[in-house]
Amino acid sequence: MTDTTRILLVLAAAALATVGPRGTLQAADAPAPNTLSAAEKAEGWTLLWDGRTTTGWRGARSETFPADGWEMADGVLSVLESGGGESRAGGDIITVEEFSGFDLRLEFRLTPGANSGIKYYVDPDLNKAEGSAIGLEYQLLDDAGHPDAKMGKGGNRTLASLYDLLPASSDKPARPIGEWNEARIRSEGRHVEHWLNVVKVLEYERGGEDFRRRVAESKYKIWKNFGEREKGPILLQDHGNRVSFRSIRIRRLGPS
């Protein structure tokens with residue numbers, strides 16, 4: 001590629017983008033946070049959070065949304081800092097609806113040293129003791145600033161990993177702490193994919209031989225048929241650190 005061609009490509013990309021929050025580049029036709037584009041609506045995407053209210057969400061151990069521990073302000077949903085304890089403040093929140101096959105996308109923003117997670121196929125009634133509700137987890141973590149990144153096996157507790165089971169790619173395209181990243185979880189049939197900033201970073205088969213072997217070697221081995229529920233709610237975790245979310249949207253895949 002000649003220098004002239006490279007310059008022309010850079011200029012063309014700049015013409016199709018606008019500067020977003022904290023200086024990040026966004027496509028010029030990207031929808032505003034917590035809204036859907038016409039194309040997304042046509043593809044069957046719906047918002048899981050309207051950007052303002054608790055509609056569609058409740059506590060994982062309550063029929064109502066937590067009175068404390070979570071904040072909604074300026075189109076951002078945040079779990080508040082409470083010292084790093086797991087579900088000791090407001091507690092986890094889950095969707096009122098349950099999902100089987102789905103494509104979930106959302107933006108998240110971590111604070112230094114933060115730990116949280118996005119869980120799916122959750123069984124909110126399974127764990128009666130202290131701690132988080134049980135489900136498969138897309139890990140949200142400051143890999144450089146939280147000790148959990150060095151625990152587990154082979155990096156399976158780092159950002160975008162299937163927590164304690166399967167590590168995300170080591171070359172995953174994570175943006176700096178304090179900037180918005182996009183998580184995507186796609187589950188169709190038994191096949192599941194984790195994506196980070198439009199790059200697929202892992203995939204696996206729920207209930208497959210490798211999956212069950214990993215479960216048997218993990219902290220989840222005490223839960224019968226872990227991760228193999230037919231459907232369940234989506235969960236945002238309260239792990240005692242401030243983590244923010246927005247543009248939470250989902251598209252059903254296959255039967256509801």
# chains A, B, ... in the order shown; residues from 1 in each chain; ligands from 1
>>> residues_around(residues="region 185-188 of chain A", least_positions_apart="4", cutoff="9 Å", atoms="only C-alpha atoms", output="MDAnalysis selection string")
chainID A and resid 100:105 120 138 192:195 253:254
>>> select_by_dssp(residues="region 25-221 of chain A", states="alpha helix (DSSP H)", output="CSV table (one decimal) with C-alpha atoms, in the first residue's frame")
chain,number,residue,atom,x,y,z
A,38,ALA,CA,-34.0,1.5,11.9
A,39,ALA,CA,-31.8,-1.5,10.7
A,40,GLU,CA,-31.7,-2.9,14.2
A,41,LYS,CA,-35.5,-2.7,14.6
A,42,ALA,CA,-35.9,-4.4,11.3
A,43,GLU,CA,-33.6,-7.2,12.4
A,209,GLU,CA,-17.9,-33.1,26.5
A,210,ASP,CA,-15.3,-30.3,26.8
A,211,PHE,CA,-17.8,-28.0,28.6
A,212,ARG,CA,-18.8,-30.7,31.2
A,213,ARG,CA,-15.1,-31.5,31.8
A,214,ARG,CA,-14.4,-27.8,32.5
A,215,VAL,CA,-17.4,-27.5,34.8
A,216,ALA,CA,-16.2,-30.6,36.8
>>> atom_distance(atom1="CA of Arg88 (chain A)", atom2="CA of Glu179 (chain A)")
26.1 Å
>>> residues_around(residues="region 121-135 of chain A", least_positions_apart="2", cutoff="8 Å", atoms="only C-alpha atoms", output="ChimeraX atom specification")
/A:60-61,86-88,91-92,99-100,119,137,226-235,237-238
>>> residues_around(residues="Ala67 (chain A)", least_positions_apart="5", cutoff="12 Å", atoms="only C-alpha atoms", output="CSV table (one decimal) with C-alpha atoms, in the first residue's frame")
chain,number,residue,atom,x,y,z
A,54,THR,CA,-36.4,0.1,36.1
A,58,ARG,CA,-35.8,-6.7,39.2
A,59,GLY,CA,-33.5,-7.9,41.9
A,62,SER,CA,-36.6,-9.8,44.9
A,72,MET,CA,-29.6,5.6,36.8
A,79,VAL,CA,-23.8,-0.5,40.1
A,89,ALA,CA,-25.2,-3.9,48.6
A,90,GLY,CA,-28.0,-3.6,46.1
A,91,GLY,CA,-27.4,-7.1,44.8
A,93,ILE,CA,-30.3,-7.4,38.9
>>> closest_residue(among="A:Leu236, A:Val243, A:Ala160, A:Leu36", to="Gly113 (chain A)", atoms="only C-alpha atoms")
A:Val243
>>> closest_residue(among="A:Ile248, A:Leu106, A:Ala168, A:Leu141", to="Glu182 (chain A)", atoms="only C-alpha atoms")
A:Leu106
>>> select_by_dssp(residues="region 63-112 of chain A", states="strand (DSSP E or B)", output="ChimeraX atom specification")
/A:70-73,76-79,93-95,99,102-110
>>> residues_around(residues="Gly84 (chain A)", least_positions_apart="2", cutoff="6 Å", atoms="only C-alpha atoms", output="ChimeraX atom specification")
/A:82,239-241
>>> residues_around(residues="Ile177 (chain A)", least_positions_apart="3", cutoff="10 Å", atoms="only C-alpha atoms", output="number ranges by chain")
A: 109-114, 141-145, 174, 180-181
>>> write_last_selection(atoms="C-alpha atoms", output="tab-separated table (two decimals), in the first residue's frame")
chain	number	residue	atom	x	y	z
A	109	ARG	CA	-17.48	0.94	31.37
A	110	LEU	CA	-15.13	-0.22	34.11
A	111	THR	CA	-13.52	1.79	36.88
A	112	PRO	CA	-9.94	1.03	38.05
A	113	GLY	CA	-9.76	-2.37	39.77
A	114	ALA	CA	-13.40	-3.20	39.04
A	141	LEU	CA	-12.76	-7.18	34.98
A	142	ASP	CA	-9.88	-4.74	35.09
A	143	ASP	CA	-7.32	-7.41	34.19
A	144	ALA	CA	-4.36	-5.25	35.22
A	145	GLY	CA	-5.90	-3.98	38.43
A	174	ALA	CA	-10.03	-4.26	25.13
A	180	TRP	CA	-16.87	2.31	26.83
A	181	ASN	CA	-16.48	-1.23	25.50
>>> closest_residue(among="A:Glu71, A:Trp45, A:Arg249, A:Lys200", to="Ser169 (chain A)", atoms="only C-alpha atoms")
A:Lys200
>>> closest_residue(among="A:Leu80, A:Gly152, A:Thr158, A:Thr53", to="Arg242 (chain A)", atoms="only C-alpha atoms")
A:Leu80
>>> decode(residues="region 49-94 of chain A", atoms="N, CA and C atoms", output="PDB file, in the first residue's frame")
ATOM      1  N   TRP A  49     -33.145  -2.161  28.372  1.00  0.00           N
ATOM      2  CA  TRP A  49     -33.232  -1.037  29.312  1.00  0.00           C
ATOM      3  C   TRP A  49     -33.542   0.223  28.531  1.00  0.00           C
ATOM      4  N   ASP A  50     -34.537   0.974  29.014  1.00  0.00           N
ATOM      5  CA  ASP A  50     -34.988   2.154  28.264  1.00  0.00           C
ATOM      6  C   ASP A  50     -34.140   3.391  28.506  1.00  0.00           C
ATOM      7  N   GLY A  51     -33.125   3.288  29.363  1.00  0.00           N
ATOM      8  CA  GLY A  51     -32.244   4.427  29.609  1.00  0.00           C
ATOM      9  C   GLY A  51     -32.705   5.340  30.725  1.00  0.00           C
ATOM     10  N   ARG A  52     -33.874   5.024  31.342  1.00  0.00           N
ATOM     11  CA  ARG A  52     -34.417   5.942  32.345  1.00  0.00           C
ATOM     12  C   ARG A  52     -35.003   5.234  33.563  1.00  0.00           C
ATOM     13  N   THR A  53     -35.705   4.116  33.360  1.00  0.00           N
ATOM     14  CA  THR A  53     -36.497   3.526  34.429  1.00  0.00           C
ATOM     15  C   THR A  53     -36.076   2.089  34.725  1.00  0.00           C
ATOM     16  N   THR A  54     -36.698   1.503  35.734  1.00  0.00           N
ATOM     17  CA  THR A  54     -36.398   0.119  36.114  1.00  0.00           C
ATOM     18  C   THR A  54     -37.266  -0.890  35.362  1.00  0.00           C
ATOM     19  N   THR A  55     -38.077  -0.420  34.441  1.00  0.00           N
ATOM     20  CA  THR A  55     -38.980  -1.309  33.710  1.00  0.00           C
ATOM     21  C   THR A  55     -38.228  -2.485  33.084  1.00  0.00           C
ATOM     22  N   GLY A  56     -38.722  -3.693  33.352  1.00  0.00           N
ATOM     23  CA  GLY A  56     -38.126  -4.886  32.773  1.00  0.00           C
ATOM     24  C   GLY A  56     -37.042  -5.525  33.615  1.00  0.00           C
ATOM     25  N   TRP A  57     -36.732  -4.927  34.769  1.00  0.00           N
ATOM     26  CA  TRP A  57     -35.666  -5.434  35.628  1.00  0.00           C
ATOM     27  C   TRP A  57     -36.156  -5.562  37.065  1.00  0.00           C
ATOM     28  N   ARG A  58     -35.559  -6.509  37.789  1.00  0.00           N
ATOM     29  CA  ARG A  58     -35.842  -6.677  39.213  1.00  0.00           C
ATOM     30  C   ARG A  58     -34.600  -7.227  39.896  1.00  0.00           C
ATOM     31  N   GLY A  59     -34.623  -7.274  41.210  1.00  0.00           N
ATOM     32  CA  GLY A  59     -33.526  -7.870  41.937  1.00  0.00           C
ATOM     33  C   GLY A  59     -33.508  -9.372  41.725  1.00  0.00           C
ATOM     34  N   ALA A  60     -32.320  -9.974  41.739  1.00  0.00           N
ATOM     35  CA  ALA A  60     -32.213 -11.412  41.536  1.00  0.00           C
ATOM     36  C   ALA A  60     -32.893 -12.195  42.660  1.00  0.00           C
ATOM     37  N   ARG A  61     -33.033 -11.561  43.822  1.00  0.00           N
ATOM     38  CA  ARG A  61     -33.671 -12.218  44.965  1.00  0.00           C
ATOM     39  C   ARG A  61     -34.854 -11.410  45.473  1.00  0.00           C
ATOM     40  N   SER A  62     -35.460 -10.692  44.575  1.00  0.00           N
ATOM     41  CA  SER A  62     -36.582  -9.826  44.948  1.00  0.00           C
ATOM     42  C   SER A  62     -37.486  -9.653  43.742  1.00  0.00           C
ATOM     43  N   GLU A  63     -38.733  -9.355  44.001  1.00  0.00           N
ATOM     44  CA  GLU A  63     -39.676  -9.096  42.907  1.00  0.00           C
ATOM     45  C   GLU A  63     -39.615  -7.648  42.448  1.00  0.00           C
ATOM     46  N   THR A  64     -38.844  -6.813  43.149  1.00  0.00           N
ATOM     47  CA  THR A  64     -38.726  -5.400  42.798  1.00  0.00           C
ATOM     48  C   THR A  64     -37.259  -5.047  42.568  1.00  0.00           C
ATOM     49  N   PHE A  65     -37.048  -3.886  41.983  1.00  0.00           N
ATOM     50  CA  PHE A  65     -35.689  -3.403  41.738  1.00  0.00           C
ATOM     51  C   PHE A  65     -35.075  -2.944  43.054  1.00  0.00           C
ATOM     52  N   PRO A  66     -33.770  -3.171  43.273  1.00  0.00           N
ATOM     53  CA  PRO A  66     -33.137  -2.765  44.537  1.00  0.00           C
ATOM     54  C   PRO A  66     -33.332  -1.276  44.830  1.00  0.00           C
ATOM     55  N   ALA A  67     -33.613  -0.983  46.080  1.00  0.00           N
ATOM     56  CA  ALA A  67     -33.804   0.409  46.491  1.00  0.00           C
ATOM     57  C   ALA A  67     -32.475   1.155  46.574  1.00  0.00           C
ATOM     58  N   ASP A  68     -31.393   0.420  46.800  1.00  0.00           N
ATOM     59  CA  ASP A  68     -30.067   1.019  46.933  1.00  0.00           C
ATOM     60  C   ASP A  68     -29.065   0.214  46.106  1.00  0.00           C
ATOM     61  N   GLY A  69     -27.899   0.804  45.905  1.00  0.00           N
ATOM     62  CA  GLY A  69     -26.804   0.078  45.275  1.00  0.00           C
ATOM     63  C   GLY A  69     -26.699   0.223  43.774  1.00  0.00           C
ATOM     64  N   TRP A  70     -27.751   0.742  43.138  1.00  0.00           N
ATOM     65  CA  TRP A  70     -27.742   0.970  41.700  1.00  0.00           C
ATOM     66  C   TRP A  70     -28.181   2.401  41.414  1.00  0.00           C
ATOM     67  N   GLU A  71     -27.685   2.963  40.325  1.00  0.00           N
ATOM     68  CA  GLU A  71     -27.969   4.351  39.971  1.00  0.00           C
ATOM     69  C   GLU A  71     -28.312   4.441  38.493  1.00  0.00           C
ATOM     70  N   MET A  72     -29.302   5.255  38.177  1.00  0.00           N
ATOM     71  CA  MET A  72     -29.646   5.566  36.796  1.00  0.00           C
ATOM     72  C   MET A  72     -29.531   7.074  36.620  1.00  0.00           C
ATOM     73  N   ALA A  73     -28.610   7.502  35.778  1.00  0.00           N
ATOM     74  CA  ALA A  73     -28.402   8.937  35.577  1.00  0.00           C
ATOM     75  C   ALA A  73     -27.819   9.185  34.197  1.00  0.00           C
ATOM     76  N   ASP A  74     -28.373  10.161  33.488  1.00  0.00           N
ATOM     77  CA  ASP A  74     -27.854  10.584  32.178  1.00  0.00           C
ATOM     78  C   ASP A  74     -27.729   9.426  31.197  1.00  0.00           C
ATOM     79  N   GLY A  75     -28.715   8.516  31.231  1.00  0.00           N
ATOM     80  CA  GLY A  75     -28.723   7.417  30.284  1.00  0.00           C
ATOM     81  C   GLY A  75     -27.727   6.321  30.594  1.00  0.00           C
ATOM     82  N   VAL A  76     -27.253   6.267  31.824  1.00  0.00           N
ATOM     83  CA  VAL A  76     -26.277   5.259  32.234  1.00  0.00           C
ATOM     84  C   VAL A  76     -26.792   4.534  33.471  1.00  0.00           C
ATOM     85  N   LEU A  77     -26.716   3.206  33.445  1.00  0.00           N
ATOM     86  CA  LEU A  77     -27.092   2.353  34.571  1.00  0.00           C
ATOM     87  C   LEU A  77     -25.810   1.876  35.247  1.00  0.00           C
ATOM     88  N   SER A  78     -25.646   2.190  36.539  1.00  0.00           N
ATOM     89  CA  SER A  78     -24.405   1.862  37.225  1.00  0.00           C
ATOM     90  C   SER A  78     -24.660   1.115  38.524  1.00  0.00           C
ATOM     91  N   VAL A  79     -23.853   0.088  38.762  1.00  0.00           N
ATOM     92  CA  VAL A  79     -23.794  -0.518  40.085  1.00  0.00           C
ATOM     93  C   VAL A  79     -22.758   0.288  40.861  1.00  0.00           C
ATOM     94  N   LEU A  80     -23.081   0.642  42.100  1.00  0.00           N
ATOM     95  CA  LEU A  80     -22.252   1.565  42.857  1.00  0.00           C
ATOM     96  C   LEU A  80     -21.156   0.852  43.646  1.00  0.00           C
ATOM     97  N   GLU A  81     -20.110   1.595  43.933  1.00  0.00           N
ATOM     98  CA  GLU A  81     -19.004   1.075  44.729  1.00  0.00           C
ATOM     99  C   GLU A  81     -19.467   0.814  46.160  1.00  0.00           C
ATOM    100  N   SER A  82     -19.135  -0.391  46.666  1.00  0.00           N
ATOM    101  CA  SER A  82     -19.497  -0.715  48.047  1.00  0.00           C
ATOM    102  C   SER A  82     -18.423  -1.570  48.712  1.00  0.00           C
ATOM    103  N   GLY A  83     -17.199  -1.495  48.203  1.00  0.00           N
ATOM    104  CA  GLY A  83     -16.097  -2.167  48.861  1.00  0.00           C
ATOM    105  C   GLY A  83     -15.664  -3.484  48.273  1.00  0.00           C
ATOM    106  N   GLY A  84     -16.236  -3.907  47.147  1.00  0.00           N
ATOM    107  CA  GLY A  84     -15.787  -5.117  46.471  1.00  0.00           C
ATOM    108  C   GLY A  84     -16.460  -6.397  46.903  1.00  0.00           C
ATOM    109  N   GLY A  85     -17.461  -6.329  47.766  1.00  0.00           N
ATOM    110  CA  GLY A  85     -18.175  -7.526  48.187  1.00  0.00           C
ATOM    111  C   GLY A  85     -19.166  -7.994  47.144  1.00  0.00           C
ATOM    112  N   GLU A  86     -19.392  -9.290  47.082  1.00  0.00           N
ATOM    113  CA  GLU A  86     -20.289  -9.860  46.082  1.00  0.00           C
ATOM    114  C   GLU A  86     -21.733  -9.840  46.566  1.00  0.00           C
ATOM    115  N   SER A  87     -22.571  -9.057  45.890  1.00  0.00           N
ATOM    116  CA  SER A  87     -24.010  -8.965  46.186  1.00  0.00           C
ATOM    117  C   SER A  87     -24.284  -8.614  47.643  1.00  0.00           C
ATOM    118  N   ARG A  88     -23.515  -7.659  48.169  1.00  0.00           N
ATOM    119  CA  ARG A  88     -23.709  -7.252  49.559  1.00  0.00           C
ATOM    120  C   ARG A  88     -24.359  -5.883  49.691  1.00  0.00           C
ATOM    121  N   ALA A  89     -24.546  -5.202  48.575  1.00  0.00           N
ATOM    122  CA  ALA A  89     -25.193  -3.882  48.624  1.00  0.00           C
ATOM    123  C   ALA A  89     -26.573  -3.995  47.986  1.00  0.00           C
ATOM    124  N   GLY A  90     -26.736  -3.459  46.780  1.00  0.00           N
ATOM    125  CA  GLY A  90     -28.030  -3.579  46.112  1.00  0.00           C
ATOM    126  C   GLY A  90     -28.331  -4.983  45.633  1.00  0.00           C
ATOM    127  N   GLY A  91     -27.275  -5.755  45.340  1.00  0.00           N
ATOM    128  CA  GLY A  91     -27.448  -7.103  44.828  1.00  0.00           C
ATOM    129  C   GLY A  91     -27.558  -7.138  43.321  1.00  0.00           C
ATOM    130  N   ASP A  92     -27.456  -8.328  42.756  1.00  0.00           N
ATOM    131  CA  ASP A  92     -27.582  -8.507  41.307  1.00  0.00           C
ATOM    132  C   ASP A  92     -28.966  -8.086  40.830  1.00  0.00           C
ATOM    133  N   ILE A  93     -29.049  -7.685  39.565  1.00  0.00           N
ATOM    134  CA  ILE A  93     -30.348  -7.435  38.947  1.00  0.00           C
ATOM    135  C   ILE A  93     -30.507  -8.350  37.744  1.00  0.00           C
ATOM    136  N   ILE A  94     -31.746  -8.754  37.480  1.00  0.00           N
ATOM    137  CA  ILE A  94     -32.037  -9.653  36.359  1.00  0.00           C
ATOM    138  C   ILE A  94     -33.204  -9.120  35.545  1.00  0.00           C
TER     139      ILE A  94
END
